[in-house]
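Here's structure_23.pdb, which has PDB, C-alpha atoms:
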```
ATOM      1  CA  MET X   1     -11.571-107.348  21.724
ATOM      2  CA  THR X   2     -10.940-107.656  25.420
ATOM      3  CA  LYS X   3      -8.042-109.732  26.640
ATOM      4  CA  ARG X   4      -8.678-112.311  29.327
ATOM      5  CA  SER X   5      -6.036-112.368  32.033
ATOM      6  CA  ASN X   6      -4.357-115.672  32.831
ATOM      7  CA  ALA X   7      -5.960-117.271  29.780
ATOM      8  CA  VAL X   8      -4.535-120.601  28.683
ATOM      9  CA  LYS X   9      -3.065-120.391  25.190
ATOM     10  CA  PHE X  10      -4.749-122.729  22.743
ATOM     11  CA  LYS X  11      -2.620-125.630  21.613
ATOM     12  CA  ALA X  12      -3.444-128.447  19.244
ATOM     13  CA  MET X  13      -3.954-131.580  21.305
ATOM     14  CA  GLY X  14      -3.688-135.242  20.504
ATOM     15  CA  LYS X  15      -6.766-137.436  20.272
ATOM     16  CA  LYS X  16      -6.134-139.322  23.500
ATOM     17  CA  TYR X  17      -5.548-136.130  25.447
ATOM     18  CA  LEU X  18      -8.656-134.576  23.989
ATOM     19  CA  LEU X  19     -10.812-137.570  24.905
ATOM     20  CA  SER X  20      -9.431-137.569  28.453
ATOM     21  CA  ILE X  21     -10.478-133.910  28.819
ATOM     22  CA  LEU X  22     -13.942-134.675  27.498
ATOM     23  CA  GLY X  23     -14.217-137.618  29.830
ATOM     24  CA  ALA X  24     -13.239-135.497  32.821
ATOM     25  CA  LEU X  25     -15.828-132.898  31.902
ATOM     26  CA  LEU X  26     -18.574-135.462  31.418
ATOM     27  CA  PHE X  27     -17.928-137.064  34.778
ATOM     28  CA  SER X  28     -17.708-133.746  36.559
ATOM     29  CA  GLY X  29     -21.249-132.451  36.297
ATOM     30  CA  SER X  30     -20.648-129.094  37.939
ATOM     31  CA  VAL X  31     -17.615-128.271  35.770
ATOM     32  CA  TYR X  32     -19.359-129.443  32.617
ATOM     33  CA  ALA X  33     -22.427-127.397  33.353
ATOM     34  CA  GLN X  34     -20.436-124.228  33.966
ATOM     35  CA  THR X  35     -17.916-124.514  31.100
ATOM     36  CA  LYS X  36     -18.793-123.187  27.663
ATOM     37  CA  ILE X  37     -17.154-125.286  24.963
ATOM     38  CA  ALA X  38     -16.434-124.464  21.335
ATOM     39  CA  TYR X  39     -14.300-125.949  18.608
ATOM     40  CA  VAL X  40     -12.283-124.884  15.585
ATOM     41  CA  ASP X  41     -10.982-126.716  12.538
ATOM     42  CA  SER X  42      -7.257-125.948  12.484
ATOM     43  CA  GLU X  43      -6.810-127.500   9.029
ATOM     44  CA  LYS X  44      -9.379-125.116   7.549
ATOM     45  CA  ILE X  45      -7.785-122.164   9.345
ATOM     46  CA  LEU X  46      -4.318-122.988   8.022
ATOM     47  CA  ALA X  47      -5.733-123.514   4.526
ATOM     48  CA  GLU X  48      -7.650-120.213   4.393
ATOM     49  CA  TYR X  49      -5.636-117.818   6.588
ATOM     50  CA  GLU X  50      -3.832-115.480   4.180
ATOM     51  CA  ASP X  51      -0.612-115.310   6.241
ATOM     52  CA  ALA X  52      -0.498-119.119   6.316
ATOM     53  CA  LYS X  53      -0.875-119.210   2.519
ATOM     54  CA  ILE X  54       2.033-116.801   2.160
ATOM     55  CA  ALA X  55       4.186-118.830   4.576
ATOM     56  CA  ARG X  56       3.358-122.061   2.746
ATOM     57  CA  ALA X  57       4.148-120.585  -0.663
ATOM     58  CA  SER X  58       7.435-119.143   0.605
ATOM     59  CA  LEU X  59       8.429-122.514   2.106
ATOM     60  CA  ASP X  60       7.512-124.318  -1.131
ATOM     61  CA  ASN X  61       9.610-121.882  -3.138
ATOM     62  CA  SER X  62      12.635-122.372  -0.861
ATOM     63  CA  ILE X  63      12.259-126.142  -1.106
ATOM     64  CA  ARG X  64      12.132-125.928  -4.912
ATOM     65  CA  GLN X  65      15.350-123.912  -4.965
ATOM     66  CA  TRP X  66      17.126-126.336  -2.624
ATOM     67  CA  LYS X  67      15.887-129.290  -4.668
ATOM     68  CA  HIS X  68      17.226-127.634  -7.807
ATOM     69  CA  GLU X  69      20.648-127.254  -6.155
ATOM     70  CA  LEU X  70      20.591-130.888  -5.047
ATOM     71  CA  ASP X  71      19.536-132.059  -8.509
ATOM     72  CA  SER X  72      22.414-130.097 -10.044
ATOM     73  CA  MET X  73      24.874-131.702  -7.616
ATOM     74  CA  ARG X  74      23.432-135.159  -8.345
ATOM     75  CA  LEU X  75      23.747-134.582 -12.105
ATOM     76  CA  ALA X  76      27.362-133.425 -11.727
ATOM     77  CA  LEU X  77      28.161-136.489  -9.596
ATOM     78  CA  GLN X  78      26.508-138.835 -12.088
ATOM     79  CA  THR X  79      28.389-137.236 -14.996
ATOM     80  CA  THR X  80      31.725-137.554 -13.167
ATOM     81  CA  GLU X  81      31.036-141.202 -12.295
ATOM     82  CA  ASP X  82      30.098-142.013 -15.904
ATOM     83  CA  GLU X  83      33.256-140.321 -17.210
ATOM     84  CA  PHE X  84      35.352-142.222 -14.656
ATOM     85  CA  LYS X  85      33.902-145.576 -15.740
ATOM     86  CA  ALA X  86      34.668-144.804 -19.378
ATOM     87  CA  GLN X  87      38.246-143.625 -18.659
ATOM     88  CA  GLN X  88      39.097-146.132 -15.918
ATOM     89  CA  PRO X  89      40.948-148.651 -18.151
ATOM     90  CA  MET X  90      43.256-145.894 -19.413
ATOM     91  CA  LEU X  91      44.123-144.337 -16.033
ATOM     92  CA  SER X  92      47.380-144.915 -14.177
ATOM     93  CA  GLY X  93      47.316-145.998 -10.543
ATOM     94  CA  ASP X  94      47.807-142.464  -9.218
ATOM     95  CA  ALA X  95      45.251-140.989 -11.608
ATOM     96  CA  LEU X  96      42.776-143.724 -10.681
ATOM     97  CA  ARG X  97      43.105-143.016  -6.960
ATOM     98  CA  ALA X  98      42.848-139.267  -7.562
ATOM     99  CA  ARG X  99      39.595-139.674  -9.530
ATOM    100  CA  GLN X 100      38.175-142.039  -6.912
ATOM    101  CA  LEU X 101      38.991-139.525  -4.183
ATOM    102  CA  GLU X 102      37.356-136.747  -6.227
ATOM    103  CA  ILE X 103      34.159-138.814  -6.595
ATOM    104  CA  GLU X 104      34.135-139.683  -2.891
ATOM    105  CA  LYS X 105      34.389-135.971  -2.024
ATOM    106  CA  MET X 106      31.574-135.121  -4.435
ATOM    107  CA  ARG X 107      29.376-137.874  -3.017
ATOM    108  CA  LYS X 108      30.044-136.711   0.554
ATOM    109  CA  LYS X 109      29.268-133.123  -0.421
ATOM    110  CA  TYR X 110      25.998-134.304  -1.971
ATOM    111  CA  ASP X 111      25.040-136.358   1.103
ATOM    112  CA  ASP X 112      25.990-133.545   3.499
ATOM    113  CA  PHE X 113      23.958-131.039   1.499
ATOM    114  CA  ALA X 114      20.903-133.334   1.463
ATOM    115  CA  GLN X 115      21.175-133.827   5.219
ATOM    116  CA  ASN X 116      21.635-130.098   5.749
ATOM    117  CA  ILE X 117      18.392-129.482   3.846
ATOM    118  CA  TRP X 118      16.118-132.344   4.883
ATOM    119  CA  GLY X 119      17.620-133.532   8.165
ATOM    120  CA  ASP X 120      15.792-133.167  11.482
ATOM    121  CA  LYS X 121      17.576-129.869  12.116
ATOM    122  CA  GLY X 122      17.998-128.954   8.474
ATOM    123  CA  LYS X 123      17.038-125.886   6.495
ATOM    124  CA  VAL X 124      13.519-127.109   5.734
ATOM    125  CA  ALA X 125      12.726-127.582   9.416
ATOM    126  CA  ALA X 126      14.305-124.234  10.306
ATOM    127  CA  LYS X 127      12.493-122.413   7.501
ATOM    128  CA  ASN X 128       9.202-124.029   8.490
ATOM    129  CA  LYS X 129       9.672-122.834  12.068
ATOM    130  CA  GLU X 130      10.707-119.348  10.974
ATOM    131  CA  LEU X 131       7.673-118.942   8.718
ATOM    132  CA  PHE X 132       4.953-120.720  10.672
ATOM    133  CA  ASP X 133       5.737-119.866  14.305
ATOM    134  CA  PRO X 134       4.427-116.284  13.884
ATOM    135  CA  VAL X 135       1.388-117.630  12.010
ATOM    136  CA  LEU X 136       0.557-120.125  14.766
ATOM    137  CA  ASP X 137       1.122-117.481  17.446
ATOM    138  CA  LYS X 138      -1.362-115.184  15.690
ATOM    139  CA  ILE X 139      -3.900-118.016  15.398
ATOM    140  CA  ASN X 140      -3.500-118.909  19.067
ATOM    141  CA  LYS X 141      -3.849-115.294  20.143
ATOM    142  CA  THR X 142      -6.959-114.779  18.028
ATOM    143  CA  ILE X 143      -8.638-117.932  19.362
ATOM    144  CA  GLU X 144      -7.770-116.914  22.914
ATOM    145  CA  GLU X 145      -9.205-113.421  22.492
ATOM    146  CA  LEU X 146     -12.383-114.622  20.757
ATOM    147  CA  ALA X 147     -12.891-117.237  23.469
ATOM    148  CA  ALA X 148     -12.489-114.548  26.116
ATOM    149  CA  ASP X 149     -15.050-112.323  24.394
ATOM    150  CA  LYS X 150     -17.550-115.173  24.164
ATOM    151  CA  ASP X 151     -16.781-116.436  27.694
ATOM    152  CA  ILE X 152     -15.710-119.823  26.326
ATOM    153  CA  GLY X 153     -13.696-121.919  28.760
ATOM    154  CA  LEU X 154     -12.493-124.679  26.418
ATOM    155  CA  VAL X 155     -11.716-124.698  22.689
ATOM    156  CA  LEU X 156     -11.247-128.059  20.974
ATOM    157  CA  ASP X 157      -9.660-128.763  17.604
ATOM    158  CA  LEU X 158     -11.762-130.753  15.151
ATOM    159  CA  ALA X 159      -8.682-131.677  13.127
ATOM    160  CA  GLN X 160      -6.864-133.143  16.148
ATOM    161  CA  GLY X 161      -9.629-134.855  18.089
ATOM    162  CA  SER X 162     -12.786-136.879  17.697
ATOM    163  CA  ILE X 163     -15.883-134.680  17.940
ATOM    164  CA  MET X 164     -18.877-136.910  17.244
ATOM    165  CA  TYR X 165     -21.578-134.310  17.895
ATOM    166  CA  ALA X 166     -21.717-130.582  18.537
ATOM    167  CA  GLU X 167     -24.635-128.192  18.804
ATOM    168  CA  GLU X 168     -25.068-125.572  16.113
ATOM    169  CA  GLY X 169     -23.137-122.455  16.990
ATOM    170  CA  MET X 170     -20.230-124.201  18.739
ATOM    171  CA  ASP X 171     -17.995-123.997  15.640
ATOM    172  CA  MET X 172     -16.005-120.756  15.841
ATOM    173  CA  THR X 173     -13.715-121.534  12.869
ATOM    174  CA  GLN X 174     -15.215-118.887  10.611
ATOM    175  CA  ASP X 175     -15.112-116.271  13.366
ATOM    176  CA  VAL X 176     -11.390-116.970  13.770
ATOM    177  CA  LEU X 177     -10.776-116.737  10.002
ATOM    178  CA  THR X 178     -12.751-113.511   9.711
ATOM    179  CA  GLU X 179     -10.661-111.923  12.459
ATOM    180  CA  LEU X 180      -7.365-113.239  11.111
ATOM    181  CA  ASN X 181      -8.075-112.070   7.553
ATOM    182  CA  ARG X 182      -9.576-108.748   8.572
ATOM    183  CA  GLU X 183      -6.507-106.787   7.471
ATOM    184  CA  TYR X 184      -6.711-108.345   3.997
ATOM    185  CA  ALA X 185     -10.430-107.752   3.701
ATOM    186  CA  SER X 186      -9.954-104.112   4.687
ATOM    187  CA  VAL X 187      -7.478-103.652   1.830
ATOM    188  CA  ALA X 188      -9.900-105.121  -0.685
ATOM    189  CA  SER X 189     -12.070-102.835  -2.725
ATOM    190  CA  SER X 190     -15.408-103.168  -4.465
ATOM    191  CA  VAL X 191     -13.855-101.263  -7.382
ATOM    192  CA  LYS X 192     -12.364-103.494 -10.053
ATOM    193  CA  ARG X 193      -8.603-103.697 -10.049
ATOM    194  CA  LYS X 194      -6.711-104.112 -13.290
ATOM    195  CA  ALA X 195      -4.098-106.784 -13.907
ATOM    196  CA  ALA X 196      -1.644-106.916 -16.802
ATOM    197  CA  VAL X 197       0.445-109.854 -17.965
ATOM    198  CA  LEU X 198       3.413-108.179 -19.641
ATOM    199  CA  SER X 199       6.294-110.012 -21.266
ATOM    200  CA  VAL X 200       7.952-113.362 -20.629
ATOM    201  CA  TYR X 201      11.526-113.218 -21.912
ATOM    202  CA  PRO X 202      13.273-116.301 -23.442
ATOM    203  CA  LEU X 203      16.775-116.287 -21.963
ATOM    204  CA  VAL X 204      18.175-118.629 -24.641
ATOM    205  CA  PRO X 205      17.248-119.101 -28.344
ATOM    206  CA  LYS X 206      16.047-122.669 -27.697
ATOM    207  CA  ALA X 207      13.360-121.394 -25.332
ATOM    208  CA  GLN X 208      12.140-118.915 -27.929
ATOM    209  CA  PHE X 209      12.310-121.438 -30.783
ATOM    210  CA  ASN X 210      10.098-123.805 -28.802
ATOM    211  CA  ASN X 211       7.737-120.971 -27.800
ATOM    212  CA  LEU X 212       8.281-121.635 -24.095
ATOM    213  CA  ASN X 213       7.923-117.936 -23.317
ATOM    214  CA  THR X 214       4.538-117.879 -25.083
ATOM    215  CA  THR X 215       3.484-121.000 -23.141
ATOM    216  CA  VAL X 216       4.436-119.493 -19.789
ATOM    217  CA  ARG X 217       2.843-116.128 -20.552
ATOM    218  CA  GLY X 218      -0.385-117.821 -21.674
ATOM    219  CA  ALA X 219      -0.455-119.887 -18.499
ATOM    220  CA  VAL X 220      -0.069-116.783 -16.316
ATOM    221  CA  LEU X 221      -2.854-115.087 -18.265
ATOM    222  CA  ASP X 222      -5.113-118.119 -17.695
ATOM    223  CA  ALA X 223      -4.346-117.983 -13.970
ATOM    224  CA  VAL X 224      -5.274-114.305 -13.739
ATOM    225  CA  LYS X 225      -8.510-114.886 -15.665
ATOM    226  CA  SER X 226      -9.493-117.675 -13.272
ATOM    227  CA  PHE X 227      -9.571-115.123 -10.406
ATOM    228  CA  VAL X 228     -11.556-112.402 -12.201
ATOM    229  CA  SER X 229     -14.723-112.965 -10.159
ATOM    230  CA  GLU X 230     -13.201-113.947  -6.814
ATOM    231  CA  TYR X 231     -10.677-111.116  -6.742
ATOM    232  CA  ASN X 232     -12.743-108.590  -8.730
ATOM    233  CA  LEU X 233     -10.082-108.225 -11.429
ATOM    234  CA  GLU X 234     -10.149-106.754 -14.904
ATOM    235  CA  VAL X 235      -7.626-108.311 -17.278
ATOM    236  CA  ILE X 236      -6.013-105.734 -19.554
ATOM    237  CA  SER X 237      -6.172-106.757 -23.215
ATOM    238  CA  GLU X 238      -3.142-108.059 -25.073
ATOM    239  CA  ALA X 239      -3.567-105.378 -27.738
ATOM    240  CA  ASP X 240      -3.377-102.577 -25.164
ATOM    241  CA  ILE X 241      -0.339-104.185 -23.517
ATOM    242  CA  ALA X 242       1.441-104.639 -26.867
ATOM    243  CA  LEU X 243       0.839-100.990 -27.770
ATOM    244  CA  ILE X 244       2.197 -99.673 -24.472
ATOM    245  CA  LEU X 245       5.212-101.999 -24.624
ATOM    246  CA  GLN X 246       5.888-100.765 -28.147
ATOM    247  CA  ASN X 247       6.051 -97.233 -26.751
ATOM    248  CA  HIS X 248       8.761 -98.534 -24.396
ATOM    249  CA  ASN X 249      10.654-100.154 -27.322
ATOM    250  CA  SER X 250       9.590-103.582 -26.054
ATOM    251  CA  ASN X 251       7.179-106.391 -26.882
ATOM    252  CA  LEU X 252       5.581-109.467 -25.280
ATOM    253  CA  SER X 253       8.926-111.316 -25.485
ATOM    254  CA  SER X 254      11.199-108.530 -24.228
ATOM    255  CA  LYS X 255      13.321-108.502 -21.112
ATOM    256  CA  LEU X 256      11.892-105.744 -18.904
ATOM    257  CA  ASP X 257      13.652-104.076 -16.001
ATOM    258  CA  SER X 258      11.675-103.025 -12.926
ATOM    259  CA  ALA X 259      11.411 -99.400 -14.020
ATOM    260  CA  THR X 260       9.911-100.374 -17.380
ATOM    261  CA  VAL X 261       7.451-102.801 -15.752
ATOM    262  CA  VAL X 262       6.243-100.106 -13.364
ATOM    263  CA  ALA X 263       6.086 -97.426 -16.067
ATOM    264  CA  ALA X 264       4.221 -99.693 -18.490
ATOM    265  CA  GLY X 265       1.851-100.785 -15.746
ATOM    266  CA  GLN X 266       1.107 -97.205 -14.798
ATOM    267  CA  ASN X 267       0.554 -96.270 -18.460
ATOM    268  CA  LEU X 268      -1.988 -99.105 -18.602
ATOM    269  CA  ASN X 269      -3.546 -97.923 -15.320
ATOM    270  CA  ALA X 270      -2.881-101.412 -13.971
ATOM    271  CA  ASP X 271      -2.860-102.246 -10.282
ATOM    272  CA  PHE X 272      -0.807-105.418 -10.728
ATOM    273  CA  ALA X 273       1.565-106.605 -13.443
ATOM    274  CA  PHE X 274       3.260-109.934 -14.155
ATOM    275  CA  THR X 275       6.492-110.403 -16.046
ATOM    276  CA  GLY X 276       8.976-113.241 -16.244
ATOM    277  CA  SER X 277      11.644-115.217 -18.057
ATOM    278  CA  VAL X 278      12.257-118.793 -19.201
ATOM    279  CA  THR X 279      15.299-120.806 -20.239
ATOM    280  CA  TRP X 280      16.048-124.307 -21.512
ATOM    281  CA  GLU X 281      19.570-125.600 -20.901
ATOM    282  CA  SER X 282      21.274-128.877 -19.963
ATOM    283  CA  GLY X 283      18.044-130.820 -20.105
ATOM    284  CA  ARG X 284      16.257-128.469 -17.699
ATOM    285  CA  ILE X 285      13.520-125.890 -18.206
ATOM    286  CA  ALA X 286      13.555-123.065 -15.677
ATOM    287  CA  TYR X 287      11.213-120.107 -15.455
ATOM    288  CA  THR X 288      10.772-117.144 -13.138
ATOM    289  CA  LEU X 289       7.669-115.029 -12.498
ATOM    290  CA  ASP X 290       7.625-111.539 -10.981
ATOM    291  CA  LEU X 291       4.515-109.826  -9.610
ATOM    292  CA  TYR X 292       4.477-106.027  -9.206
ATOM    293  CA  ASN X 293       2.150-103.565  -7.536
ATOM    294  CA  THR X 294       2.480-100.949 -10.251
ATOM    295  CA  LYS X 295       0.659 -98.269  -8.263
ATOM    296  CA  SER X 296       3.338 -98.289  -5.555
ATOM    297  CA  GLY X 297       6.174 -99.476  -7.799
ATOM    298  CA  GLU X 298       6.842-102.399  -5.433
ATOM    299  CA  LYS X 299       7.874-105.848  -6.597
ATOM    300  CA  LEU X 300       5.574-108.016  -4.493
ATOM    301  CA  TRP X 301       7.095-111.405  -5.136
ATOM    302  CA  THR X 302       9.377-113.509  -7.299
ATOM    303  CA  LEU X 303       8.918-117.260  -7.687
ATOM    304  CA  SER X 304      10.932-119.715  -9.780
ATOM    305  CA  GLU X 305      10.583-123.335 -10.799
ATOM    306  CA  ASP X 306      12.919-125.784 -12.494
ATOM    307  CA  ILE X 307      11.672-128.926 -14.273
ATOM    308  CA  ASP X 308      13.149-131.697 -16.391
ATOM    309  CA  GLU X 309      12.779-131.161 -20.136
ATOM    310  CA  LYS X 310      10.765-134.398 -20.249
ATOM    311  CA  GLU X 311       8.060-132.506 -18.355
ATOM    312  CA  GLU X 312       7.707-129.872 -21.084
ATOM    313  CA  LYS X 313       4.105-130.962 -21.691
ATOM    314  CA  ASP X 314       3.319-130.037 -18.075
ATOM    315  CA  LEU X 315       4.902-126.575 -18.295
ATOM    316  CA  ALA X 316       1.654-124.657 -18.887
ATOM    317  CA  GLY X 317      -0.130-126.310 -15.980
ATOM    318  CA  ARG X 318       2.772-125.802 -13.620
ATOM    319  CA  ALA X 319       3.264-122.163 -14.592
ATOM    320  CA  LYS X 320      -0.451-121.533 -14.125
ATOM    321  CA  GLY X 321      -0.276-123.120 -10.678
ATOM    322  CA  LEU X 322       2.715-120.992  -9.694
ATOM    323  CA  ALA X 323       0.998-117.811 -10.884
ATOM    324  CA  ALA X 324      -2.191-118.761  -9.016
ATOM    325  CA  GLN X 325      -0.131-119.243  -5.878
ATOM    326  CA  MET X 326       1.256-115.721  -6.231
ATOM    327  CA  ILE X 327      -2.188-114.251  -6.845
ATOM    328  CA  ARG X 328      -3.714-115.923  -3.776
ATOM    329  CA  SER X 329      -0.870-114.807  -1.575
ATOM    330  CA  ARG X 330      -0.437-111.219  -2.773
ATOM    331  CA  MET X 331      -3.809-109.989  -4.052
ATOM    332  CA  ALA X 332      -6.479-109.471  -1.406
ATOM    333  CA  PRO X 333      -9.901-110.933  -2.323
ATOM    334  CA  ALA X 334     -12.599-108.482  -3.279
ATOM    335  CA  THR X 335     -15.158-107.514  -0.659
ATOM    336  CA  LYS X 336     -18.437-109.298  -1.190
TER     337      LYS X 336
END
```
Any chance you could put this one into structure tokens?
Amino acid sequence: MTKRSNAVKFKAMGKKYLLSILGALLFSGSVYAQTKIAYVDSEKILAEYEDAKIARASLDNSIRQWKHELDSMRLALQTTEDEFKAQQPMLSGDALRARQLEIEKMRKKYDDFAQNIWGDKGKVAAKNKELFDPVLDKINKTIEELAADKDIGLVLDLAQGSIMYAEEGMDMTQDVLTELNREYASVASSVKRKAAVLSVYPLVPKAQFNNLNTTVRGAVLDAVKSFVSEYNLEVISEADIALILQNHNSNLSSKLDSATVVAAGQNLNADFAFTGSVTWESGRIAYTLDLYNTKSGEKLWTLSEDIDEKEEKDLAGRAKGLAAQMIRSRMAPATK
């Protein structure tokens, strides 16, 4: 694509500003007649651009980890406060003041941590900027270059303004998405790619006794199967996986190191392989999923989630959602 010199970088604009531009164009006949106008839907672009999906998933994972840390601090504070209330009548004056000071320090640490995460200049805001600034820059650049190629002088944003009518052909959203996702489409193949869901390891006996590892593994398998058509996948059978794992002195509940995952995946002629672990301690259920490209031996991504044990009934659905998130972000769709 050719690059227009002195082009104005696209920026999302507020409704009032957008309407003022439209008004100026309408009342300036010569400008209006000479200016080609198009529009995009930024919400659709951010929802379907693969880099934006990856950024969003990465941000969500960081937020989950920070929330887990905060929940752990809150639980420790609550436990200390409950113990203090029970012991208070038996404490001497000095011991009472010491415990009160300890609780005040814990509460301040909790509040400071929460502010450091969710404050205006906290980690969430910083992580969002770190992840999405390059994405937005790429979107802006692509819109600018496409507009230059099509000799378009003004690009409006459907998501930010009020477009009541537009002629057919003025929407360039799909053109932008096609260009942005070109690198992913070029990686895709019309040949089926094989995916294997290997083992999910129970880190503690309670997790195994309650079959949490089987629940998580089944949920991941369901997620992979749901993308068979869209991503042109072939799901490797459980019998084949069990046989290969047996050759590696493992099974569907074994803890697998990276070398074993890659070796087993290659023995199965798999392109991608999932593995993971699950635990159940202190009233919390935590699980981790790993996705490997077994052809290259690369671990593509690791995601974790931590839920209250009261949400055990939701574990399968949540694990399936987490696995689906990994698939969308790390497996290129098949070429139509």
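Distance check against Trp301 of chain X using only C-alpha atoms: of X:Ala148, X:Ala76, X:Ile54, X:Ile103, the minimum falls on X:Ile54.
Residues matching the PyMOL selection byres ((chain X and resi 45-48) around 10) in this structure come to Val40, Asp41, Ser42, Glu43, Lys44, Tyr49, Glu50, Asp51, Ala52, Lys53, Arg56, Phe132, Val135, Leu136, Ile139, Thr173, Gln174, Val176, Leu177, Thr178, Leu180 and Asn181 of chain X.
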Restrict the selected residues to C-alpha atoms and save them as a CSV table (one decimal), in the coordinates of the input.
```
chain,number,residue,atom,x,y,z
X,40,VAL,CA,-12.3,-124.9,15.6
X,41,ASP,CA,-11.0,-126.7,12.5
X,42,SER,CA,-7.3,-125.9,12.5
X,43,GLU,CA,-6.8,-127.5,9.0
X,44,LYS,CA,-9.4,-125.1,7.5
X,49,TYR,CA,-5.6,-117.8,6.6
X,50,GLU,CA,-3.8,-115.5,4.2
X,51,ASP,CA,-0.6,-115.3,6.2
X,52,ALA,CA,-0.5,-119.1,6.3
X,53,LYS,CA,-0.9,-119.2,2.5
X,56,ARG,CA,3.4,-122.1,2.7
X,132,PHE,CA,5.0,-120.7,10.7
X,135,VAL,CA,1.4,-117.6,12.0
X,136,LEU,CA,0.6,-120.1,14.8
X,139,ILE,CA,-3.9,-118.0,15.4
X,173,THR,CA,-13.7,-121.5,12.9
X,174,GLN,CA,-15.2,-118.9,10.6
X,176,VAL,CA,-11.4,-117.0,13.8
X,177,LEU,CA,-10.8,-116.7,10.0
X,178,THR,CA,-12.8,-113.5,9.7
X,180,LEU,CA,-7.4,-113.2,11.1
X,181,ASN,CA,-8.1,-112.1,7.6
```
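Matched in the shown structure by the PyMOL selection byres ((chain X and resi 113) around 10): Trp66, Glu69, Leu70, Met73, Arg107, Lys108, Lys109, Tyr110, Asp111, Asp112, Ala114, Gln115, Asn116, Ile117, Trp118, Gly119, Gly122 and Lys123 of chain X.
Going from atom CA of Ser304 of chain X to atom CA of Asn61 of chain X covers 7.1 Å.
Residues matching the PyMOL selection byres ((chain X and resi 299) around 12) in this structure come to Asp257, Ser258, Ala259, Val261, Val262, Asp271, Phe272, Ala273, Phe274, Thr275, Leu289, Asp290, Leu291, Tyr292, Asn293, Thr294, Lys295, Ser296, Gly297, Glu298, Leu300, Trp301, Thr302, Leu303, Met326 and Arg330 of chain X.
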When you draw a straight line from atom CA of Ser226 of chain X to atom CA of Leu59 of chain X, how long is it in Å? 24.1 Å
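Put simply, atom CA of Ile143 of chain X is 16.3 Å away from atom CA of Thr35 of chain X.
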As AutoDock Vina command-line options, please: the centre and edge lengths in Å, to one decimal, of an axis-aligned box enclosing every listed atom of segment 200-207 of chain X with 4 Å added on each side.
```
--center_x 13.1 --center_y -117.9 --center_z -24.5 --size_x 18.2 --size_y 17.5 --size_z 15.7
```
Skipping near chain neighbours, those fewer than 2 positions away, what residues fall within 6 Å of segment 211-219 of chain X using all atoms listed in the file, listed as a ChimeraX atom specification? /X:200,202,207-209,221-222,316,319-320
Just checking: using all atoms listed in the file, which residue out of X:Gly283, X:Ser250, X:Ser277, X:Tyr39 ends up closest to Leu154 of chain X? X:Tyr39
Which residues are near Leu101 of chain X? Cut-off 12 Å, all atoms listed in the file, ignore same chain within fewer than 6 positions. Put them as a PyMOL selection string. chain X and resi 80-81+84+94-95+107-108
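Distance check against Ile285 of chain X using all atoms listed in the file: of X:Asp82, X:Val235, X:His68, X:Glu144, the minimum falls on X:His68.
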Closest of X:Gly169, X:Leu146, X:Met106, X:Ser62 to Ala125 of chain X - atom-to-atom distances counting all atoms listed in the file: X:Ser62
